[in-house]
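Before any comments, here is the structure.
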Amino acid sequence: MTKKVARLFNSFKPEHYTLFLDPDRDSKKITGTVTIAGLKKGRPSQRLTFHQNGLTVTKATITRHEKKGDQAFEVSRINHQRSLDEVRLHTDAMLYGGSYSVTMEFTGTINDGEMHGVYPCNYELDGEHRALIGTQFESHHAREAFPCIDEPEAKATFDLTLASPIGEEVLSNTPVKTQTEKDGRLHSTFETTPRMSTYLLAFVYGDMQSRETKTKDGVLVRVWSTKVHSPESLDFALDVTKRGIEFFDDYYGVPYPLAKCDMVALPDFSSGAMENWGLITFRESVLIAEPKTISQSSKEYVALVVCHELSHQWFGNLVTMKWWDDLWLNESFANVMEYVGPDALFPEWHVFDMFAGNEGLSAFRRDAIPSVQPIRIEVHHPDQISTIFDPSIVYAKGGRLINMLRNYLGDDVFRKGLKAYFTKHAYGNTTRDDLWAALSEASGKDVGSFMNPWLEQPNFPVVHVDQNGKDLSVTQSHFVLDPAKVDAKRLWPVPLLCDTPEVPALLEAKSTTSVLPGTAYVRLNQGALGHYIVDYANTPHLNAIAKQAEDKSLSVAERLMLLSDSSLMARGAMLSFAATLELLQHYTDEDSEPVWDIMSLILGDARRFIDAEPKLEPAIKAQIRTLIQTEYGRLGWKEQPKESSQDTKLRATILGLGVYAEHPDITKEALALFEAYKKDEQAVSGELRGIVFAAAIRNQVQGAFEYLLQLEESTQNPELKNDARGALTVTRSSEQAQVLLGRLKDSKKVRPQDVDHWLVLIMRNRYTQQEAWDWLRNNWDWIEQMFKADKSYDYFPRYAASALNTRKRLQEYKEFFEPLQDQISLQRNIVMGIEELETRVTWIERDLEAVKKQYAI
Ligand code: BES
Ligand code: ZN
């Protein structure tokens, strides 16, 4: 049991902060003064308590405001409770409930080498070391910058004055109100913020450039970066931001509430992006779009992430969850809006097909592990907070469910409910019941009873369809990868999404039967919107559906989910993986990129059997060469002027598979293009660059490793860096893997934000797995010290589990990670990692013979 940490909001309710901060880049020291005006609640006591972490409060005064005048209280003792993240101001006199102002002078530090609180973002310009100073306060790091009540419910207004070097840019949530020079520093006072949570406060200062524009309603929009990038590389994000705000103004029916919106690319950044109100921060690779070199997929990703963070300006910032247990209210919602926005701005991209591929697959695969968390989860300790941001659950599964609800209610009704919700709760905090109330009112449906079982229960249902002529029986059961852990009593309200009126719309009980008008086979989960999988129990029924996939009378999302369902059932011992491979035969003429995502994933599943039977490798490669033939013929290497963005991306998928499968023509052309690239960067399109690089490494082209390593180290273009990384990590040479691993602890070569990516890529490569797995175990002390307080810490056990495939590795995994389970922030991912590996190893053992037979071995 995790110890509960007290909520300070129960004893003090802040209303306004007057904050002065002077974060000095050179000394790495912060000095500051804060006055917190607010209400003392609860029982009379002789102390007031605030959050702090790593701060020293040197002086404090307490004033009580009463009708008859102000009363000052002497602070007799300032007590820092370091283990509780608290500072306690003790008084000899009794403090009764009422209105107070508390002023504290304090010192703190700029967190060098870490990416939370106030921290430096290091970079080089013209060979010289530079740094921006920025902030990352979500989830509970505002307390590293100033004493406060650091809980989302403790909303207040802020007047920030920030000291920074003269001549540099300085930004915060609101526009600058006044600036003066004092003691050789620039003091900027920002306009009062709206009432908001501490985790959304932000500032950045440094030597930056920007591009700017205005929305229809006059909101100033600017995109910022360091000067190592070209100014044009900010234009794409600028356009998406402007149009994104205009879109959400209209979609939500409530105008963007601030005068400006700044988007800043930070050279060091732990997550992808952060929705600070009016000052959104990004990892460089997620905001910078160099027009000459950007690929279609990176461009799409920029648009998606920008819209995700913009949507939070309403859902999350204007209306905020009361406590972290309803975090999904923020993130599940933003996960859908991440697609709703671009779907409106770039209809030609068909992003909702991508939604099924990106979010759906990630959600189902993670949600099938027995100990997975439900979407809504109790949170008692700060160390638990970072672990609830599970991208596959709180984002992907939550997003799927919100989208399922949106379709269940209809988009117009959904929007009507949202508008009422925003209007009623603006600048306030909510729980899910508030959202359900607004949506129920708008729809006349009981939204809570439809959604809560999906939010509270982990895993998902499998719906068994048994049709004999006109007789149909539909039964739901709990799906989980380990059949021994199936809970027979678990039920969900399942929207059956069938176009035959005899089949009920919602299955709430265990099962239902219907008599159909004819004998044509029914199909459930049409549109693939439901978060469940479908098991067509009779082979002819499944074959009929597979035929529909083949002749493309099923939609993209439906074709995708048919394969995904089958692969999950194989992992869950409901059928053999050979049957999934059989089903794949129906997809030789598949021409849709999102469907190819799942096809690649299934081929990746097949490759996991290679450790158990090396002879499978050539057989799988041969299968891939056959499978890609039609699309390779259609798409070739050359981008066509008017082709769809999906085709542009699909070409990369097909050629990437071709390079892996040693397709002779594809390999030859890729290697020729690598030589051409070395002479002229423009010789290879952005979308194909990564594949061309990887081909050179895979085929051990003389000097390619050194060339790409040098490129990775010297380029400032974040996309090129990613492409080089992806290629370098497919090396089969143990020495080269050691070279790559040897750089991980050198922050001048590998930014801390990228360490986990490098490591997992090297570990997923069968030929270098041993080196990476050894590295992780041998350098754990360093990992722990570097990342313990970072959001990415629990990715290390998670990524390791995703890469390993054998019983021996399972044993090693247990030996290494089990003793680390007492760390709250790692616990769940270790338990799940073990389960994931156990079920995978059992699955491989169970299906190996059938798979060998399928490949005629
Ligand atoms: N609020 C999050 C970022 C965050 C989460 C910061 C937890 C600190 C702790 C932000 O809105 C987000 O979801 N970012 C995503 C990007 C995305 C489009 C999925 C991320 O960083 O992964
Ligand atoms: Zn988010």
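Ordered as shown in the structure tokens, chains take letters A, B, and onward, while each chain numbers its residues from 1 and ligands are numbered from 1 in the order shown.
Residues of protein, DNA or RNA having any atom at most 8 Å from ligand 2, counting only C-alpha atoms and all ligand atoms, are A:Ala273, A:Met274, A:Glu275, A:His308, A:Glu309, A:His312, A:Asn330, A:Glu331, A:Ser332, A:Ala334, A:Asn335, A:Tyr395.
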Using backbone DSSP assignments, extract all alpha helix (DSSP H) residues from stretch 183-373 of chain A; output them as an NGL selection string. :A and (235-252 or 296-312 or 327-345 or 351-355 or 361-367)
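When only C-alpha atoms and all ligand atoms are used to measure the gap to ligand 1, the shortest distance among A:Ser802, A:Thr475, A:Ser233, A:Gln313 belongs to A:Gln313.
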Residue with smallest distance to ligand 1 - pool A:Met321, A:Leu279, A:Ile388, A:Ile133, counting only C-alpha atoms and all ligand atoms: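 Nearest to ligand 1: A:Ile388.
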Using only C-alpha atoms and all ligand atoms, which of the listed residues (A:Tyr532, A:Phe50, A:Phe20, A:Phe389) sits closest to ligand 1? A:Phe389
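Across the model, the gap from atom CA of A:Asp268 to atom CA of A:Arg751 is 7.1 Å.
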Surrounding residues of A:Val480 excluding itself and chain neighbours under 2 positions, 6 Å, only C-alpha atoms, as an NGL selection string: :A and (368 or 370 or 482)
Hey, can you spit out that residue selection with C-alpha atoms as an mmCIF file, in the first residue's frame?
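Saved result, result-v2.cif, follows:
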data_model
loop_
_atom_site.group_PDB
_atom_site.id
_atom_site.type_symbol
_atom_site.label_atom_id
_atom_site.label_comp_id
_atom_site.auth_asym_id
_atom_site.auth_seq_id
_atom_site.Cartn_x
_atom_site.Cartn_y
_atom_site.Cartn_z
ATOM 1 C CA ALA A 368 -4.579 -6.887 -23.122
ATOM 2 C CA PRO A 370 -3.477 -8.623 -17.207
ATOM 3 C CA ASP A 482 -3.322 -14.929 -20.024
#
Long-range neighbours of A:Asp343 as a list in words, 12 Å cut-off, only C-alpha atoms, 2 positions minimum in chain: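 The neighbour list is Val240, Gly244, Phe247, Glu300, Ala303, Leu304, Cys307, Val336, Met337, Glu338, Tyr339, Val340, Gly341, Leu345, Phe346, Pro347, Glu348, Trp349, His350, Val351, Phe352, Asp353, Met354 and Phe355 of chain A.
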Nearby residues (only C-alpha atoms) at most 9 Å from A:Arg64, same-chain spacing under 4 positions excluded, as a compact mmCIF listing (two decimals) with C-alpha atoms, in the first residue's frame:
# COMPACT_ATOMS: atom_id res chain seq x y z
CA GLY A 69 -7.72 45.90 9.61
CA ASP A 70 -4.68 43.72 8.98
CA GLN A 71 -2.99 41.66 11.64
CA ALA A 72 0.61 40.48 11.32
CA PHE A 73 1.77 37.16 12.77
CA LEU A 95 -4.38 30.97 13.14
CA GLY A 98 -10.08 33.47 7.13
CA SER A 99 -8.29 35.58 4.61
CA TYR A 100 -4.45 35.72 4.70
CA SER A 101 -1.44 36.93 2.75
CA VAL A 102 1.73 34.95 3.15
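With distances restricted to only C-alpha atoms, A:Lys28 is the closest residue to A:Gly108 from A:Lys227, A:His141, A:Lys28, A:Lys216.
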Counting only C-alpha atoms, what is within 9 Å of A:Val319, bar same-chain residues fewer than 3 positions away, as a list in words? Met196, Gln313, Trp314, Phe315, Gly316, Tyr421, Phe422, His425, Ala426, Tyr427, Gly428, Asn429 and Thr430 of chain A
Please, could you write that set of residues out with all heavy atoms as an mmCIF file, in the first residue's frame?
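Output contents, as saved in result-v3.cif:
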data_model
loop_
_atom_site.group_PDB
_atom_site.id
_atom_site.type_symbol
_atom_site.label_atom_id
_atom_site.label_comp_id
_atom_site.auth_asym_id
_atom_site.auth_seq_id
_atom_site.Cartn_x
_atom_site.Cartn_y
_atom_site.Cartn_z
ATOM 1 N N MET A 196 -5.968 29.824 -12.828
ATOM 2 C CA MET A 196 -5.436 28.594 -13.424
ATOM 3 C C MET A 196 -4.634 27.766 -12.418
ATOM 4 O O MET A 196 -4.291 28.246 -11.334
ATOM 5 C CB MET A 196 -4.548 28.947 -14.623
ATOM 6 C CG MET A 196 -3.338 29.795 -14.263
ATOM 7 S SD MET A 196 -2.430 30.277 -15.754
ATOM 8 C CE MET A 196 -0.831 29.592 -15.339
ATOM 9 N N GLN A 313 -5.964 23.902 -24.355
ATOM 10 C CA GLN A 313 -6.154 25.270 -23.874
ATOM 11 C C GLN A 313 -7.583 25.436 -23.346
ATOM 12 O O GLN A 313 -7.843 26.278 -22.497
ATOM 13 C CB GLN A 313 -5.862 26.308 -24.978
ATOM 14 C CG GLN A 313 -4.494 26.139 -25.654
ATOM 15 C CD GLN A 313 -3.313 26.259 -24.698
ATOM 16 O OE1 GLN A 313 -3.136 27.286 -24.059
ATOM 17 N NE2 GLN A 313 -2.511 25.208 -24.588
ATOM 18 N N TRP A 314 -8.482 24.583 -23.856
ATOM 19 C CA TRP A 314 -9.842 24.552 -23.324
ATOM 20 C C TRP A 314 -9.958 23.379 -22.339
ATOM 21 O O TRP A 314 -10.198 23.566 -21.170
ATOM 22 C CB TRP A 314 -10.846 24.347 -24.466
ATOM 23 C CG TRP A 314 -11.065 25.510 -25.357
ATOM 24 C CD1 TRP A 314 -12.119 26.387 -25.302
ATOM 25 C CD2 TRP A 314 -10.242 25.952 -26.458
ATOM 26 N NE1 TRP A 314 -12.012 27.321 -26.296
ATOM 27 C CE2 TRP A 314 -10.877 27.088 -27.024
ATOM 28 C CE3 TRP A 314 -9.053 25.507 -27.029
ATOM 29 C CZ2 TRP A 314 -10.364 27.774 -28.118
ATOM 30 C CZ3 TRP A 314 -8.530 26.189 -28.121
ATOM 31 C CH2 TRP A 314 -9.177 27.311 -28.650
ATOM 32 N N PHE A 315 -9.766 22.181 -22.890
ATOM 33 C CA PHE A 315 -9.950 20.968 -22.089
ATOM 34 C C PHE A 315 -8.680 20.705 -21.316
ATOM 35 O O PHE A 315 -7.735 20.154 -21.853
ATOM 36 C CB PHE A 315 -10.248 19.783 -23.011
ATOM 37 C CG PHE A 315 -11.399 18.991 -22.522
ATOM 38 C CD1 PHE A 315 -12.659 19.147 -23.069
ATOM 39 C CD2 PHE A 315 -11.224 18.115 -21.469
ATOM 40 C CE1 PHE A 315 -13.723 18.439 -22.581
ATOM 41 C CE2 PHE A 315 -12.292 17.405 -20.981
ATOM 42 C CZ PHE A 315 -13.547 17.568 -21.544
ATOM 43 N N GLY A 316 -8.604 21.130 -20.090
ATOM 44 C CA GLY A 316 -7.367 20.990 -19.324
ATOM 45 C C GLY A 316 -6.998 22.321 -18.694
ATOM 46 O O GLY A 316 -6.718 22.383 -17.499
ATOM 47 N N TYR A 421 -20.687 22.463 -20.942
ATOM 48 C CA TYR A 421 -19.686 22.091 -19.935
ATOM 49 C C TYR A 421 -18.650 23.206 -19.764
ATOM 50 O O TYR A 421 -18.337 23.621 -18.641
ATOM 51 C CB TYR A 421 -19.044 20.787 -20.396
ATOM 52 C CG TYR A 421 -17.852 20.273 -19.617
ATOM 53 C CD1 TYR A 421 -18.026 19.574 -18.418
ATOM 54 C CD2 TYR A 421 -16.556 20.429 -20.106
ATOM 55 C CE1 TYR A 421 -16.934 19.061 -17.728
ATOM 56 C CE2 TYR A 421 -15.462 19.912 -19.422
ATOM 57 C CZ TYR A 421 -15.651 19.231 -18.240
ATOM 58 O OH TYR A 421 -14.563 18.717 -17.573
ATOM 59 N N PHE A 422 -18.144 23.738 -20.880
ATOM 60 C CA PHE A 422 -17.148 24.812 -20.791
ATOM 61 C C PHE A 422 -17.748 26.072 -20.173
ATOM 62 O O PHE A 422 -17.109 26.765 -19.397
ATOM 63 C CB PHE A 422 -16.603 25.169 -22.174
ATOM 64 C CG PHE A 422 -15.660 24.139 -22.716
ATOM 65 C CD1 PHE A 422 -15.841 23.589 -23.972
ATOM 66 C CD2 PHE A 422 -14.587 23.700 -21.955
ATOM 67 C CE1 PHE A 422 -14.965 22.641 -24.469
ATOM 68 C CE2 PHE A 422 -13.702 22.748 -22.445
ATOM 69 C CZ PHE A 422 -13.901 22.208 -23.710
ATOM 70 N N HIS A 425 -18.275 25.464 -16.351
ATOM 71 C CA HIS A 425 -17.116 25.195 -15.489
ATOM 72 C C HIS A 425 -15.883 26.010 -15.834
ATOM 73 O O HIS A 425 -14.789 25.702 -15.361
ATOM 74 C CB HIS A 425 -16.770 23.703 -15.541
ATOM 75 C CG HIS A 425 -17.894 22.829 -15.077
ATOM 76 N ND1 HIS A 425 -18.244 22.730 -13.747
ATOM 77 C CD2 HIS A 425 -18.759 22.043 -15.763
ATOM 78 C CE1 HIS A 425 -19.271 21.898 -13.636
ATOM 79 N NE2 HIS A 425 -19.608 21.466 -14.845
ATOM 80 N N ALA A 426 -16.029 27.034 -16.675
ATOM 81 C CA ALA A 426 -14.859 27.831 -17.074
ATOM 82 C C ALA A 426 -14.089 28.301 -15.839
ATOM 83 O O ALA A 426 -14.690 28.740 -14.857
ATOM 84 C CB ALA A 426 -15.314 29.037 -17.895
ATOM 85 N N TYR A 427 -12.782 28.194 -15.882
ATOM 86 C CA TYR A 427 -11.865 28.598 -14.805
ATOM 87 C C TYR A 427 -12.059 27.758 -13.538
ATOM 88 O O TYR A 427 -11.609 28.140 -12.469
ATOM 89 C CB TYR A 427 -11.991 30.097 -14.491
ATOM 90 C CG TYR A 427 -11.836 30.946 -15.740
ATOM 91 C CD1 TYR A 427 -12.950 31.474 -16.391
ATOM 92 C CD2 TYR A 427 -10.575 31.153 -16.288
ATOM 93 C CE1 TYR A 427 -12.809 32.214 -17.565
ATOM 94 C CE2 TYR A 427 -10.424 31.889 -17.470
ATOM 95 C CZ TYR A 427 -11.555 32.414 -18.101
ATOM 96 O OH TYR A 427 -11.405 33.126 -19.257
ATOM 97 N N GLY A 428 -12.740 26.627 -13.674
ATOM 98 C CA GLY A 428 -12.976 25.787 -12.503
ATOM 99 C C GLY A 428 -12.397 24.399 -12.685
ATOM 100 O O GLY A 428 -11.628 24.137 -13.611
ATOM 101 N N ASN A 429 -12.773 23.508 -11.768
ATOM 102 C CA ASN A 429 -12.305 22.126 -11.798
ATOM 103 C C ASN A 429 -13.492 21.182 -11.827
ATOM 104 O O ASN A 429 -14.557 21.500 -11.305
ATOM 105 C CB ASN A 429 -11.475 21.823 -10.551
ATOM 106 C CG ASN A 429 -10.194 22.617 -10.504
ATOM 107 O OD1 ASN A 429 -10.177 23.771 -10.087
ATOM 108 N ND2 ASN A 429 -9.119 22.007 -10.963
ATOM 109 N N THR A 430 -13.265 20.011 -12.405
ATOM 110 C CA THR A 430 -14.374 19.078 -12.559
ATOM 111 C C THR A 430 -13.933 17.643 -12.294
ATOM 112 O O THR A 430 -12.742 17.337 -12.251
ATOM 113 C CB THR A 430 -14.903 19.104 -14.009
ATOM 114 O OG1 THR A 430 -13.798 18.869 -14.882
ATOM 115 C CG2 THR A 430 -15.560 20.416 -14.355
#
I need the residues of stretch 79-269 of chain A that end up classed as strand (DSSP E or B) by DSSP on the backbone, written out as a VMD selection string. chain A and resid 79 to 81 86 to 95 98 to 109 117 to 125 128 to 136 148 156 to 165 169 to 172 176 to 182 185 to 190 196 203 to 206 208 to 214 220 to 226 260 to 266
Find the residues near A:Val755: any atom within 12 Å, counting only C-alpha atoms, skip ones fewer than 2 places away on the same chain, and give them as a PyMOL selection string. chain A and resi 268+270+725+740-753+757-762+772+775-776+782-783+786-787+792-793+795-796+799
Emit the selected residues as a compact mmCIF listing (two decimals), in the first residue's frame, including C-alpha atoms.
# COMPACT_ATOMS: atom_id res chain seq x y z
CA ASP A 268 15.99 19.84 -24.17
CA SER A 270 11.42 15.41 -21.69
CA ARG A 725 19.52 7.38 -35.35
CA LEU A 740 26.55 3.88 -29.98
CA LEU A 741 26.01 2.73 -26.41
CA GLY A 742 29.25 4.37 -25.35
CA ARG A 743 27.82 7.77 -26.28
CA LEU A 744 24.66 7.51 -24.19
CA LYS A 745 26.18 8.94 -21.03
CA ASP A 746 27.81 11.81 -22.86
CA SER A 747 25.19 14.55 -22.87
CA LYS A 748 27.18 16.51 -25.45
CA LYS A 749 26.60 13.70 -27.93
CA VAL A 750 23.22 12.33 -26.85
CA ARG A 751 20.71 14.59 -25.22
CA PRO A 752 19.18 13.08 -22.06
CA GLN A 753 15.77 13.37 -23.76
CA HIS A 757 15.01 5.98 -27.68
CA TRP A 758 18.57 5.05 -28.58
CA LEU A 759 18.59 2.27 -26.06
CA VAL A 760 15.32 0.65 -27.07
CA LEU A 761 16.21 0.76 -30.76
CA ILE A 762 19.50 -1.03 -30.14
CA ALA A 772 22.01 -3.05 -25.13
CA TRP A 775 24.30 -1.84 -21.00
CA LEU A 776 20.98 -1.16 -19.34
CA TRP A 782 23.35 6.14 -13.82
CA ILE A 783 19.87 5.73 -15.35
CA MET A 786 19.57 10.77 -14.29
CA PHE A 787 15.93 9.92 -14.83
CA SER A 792 10.59 8.82 -18.91
CA TYR A 793 11.93 6.79 -15.97
CA TYR A 795 9.91 3.68 -19.92
CA PHE A 796 13.13 1.77 -19.22
CA TYR A 799 10.86 -0.65 -23.39
From the list A:Gln702, A:Gly448, A:Ile697, A:Ala789, which residue is nearest A:Asn53 when using only C-alpha atoms?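 So, comparing all the options, the nearest one is A:Ala789.
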Selected residue, from A:Asp471, A:Asp207, A:Glu582, A:Glu15, that lies nearest to A:Thr226 when counting only C-alpha atoms: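 Comparing A:Asp471, A:Asp207, A:Glu582, A:Glu15 against A:Thr226, the winner is A:Asp207.
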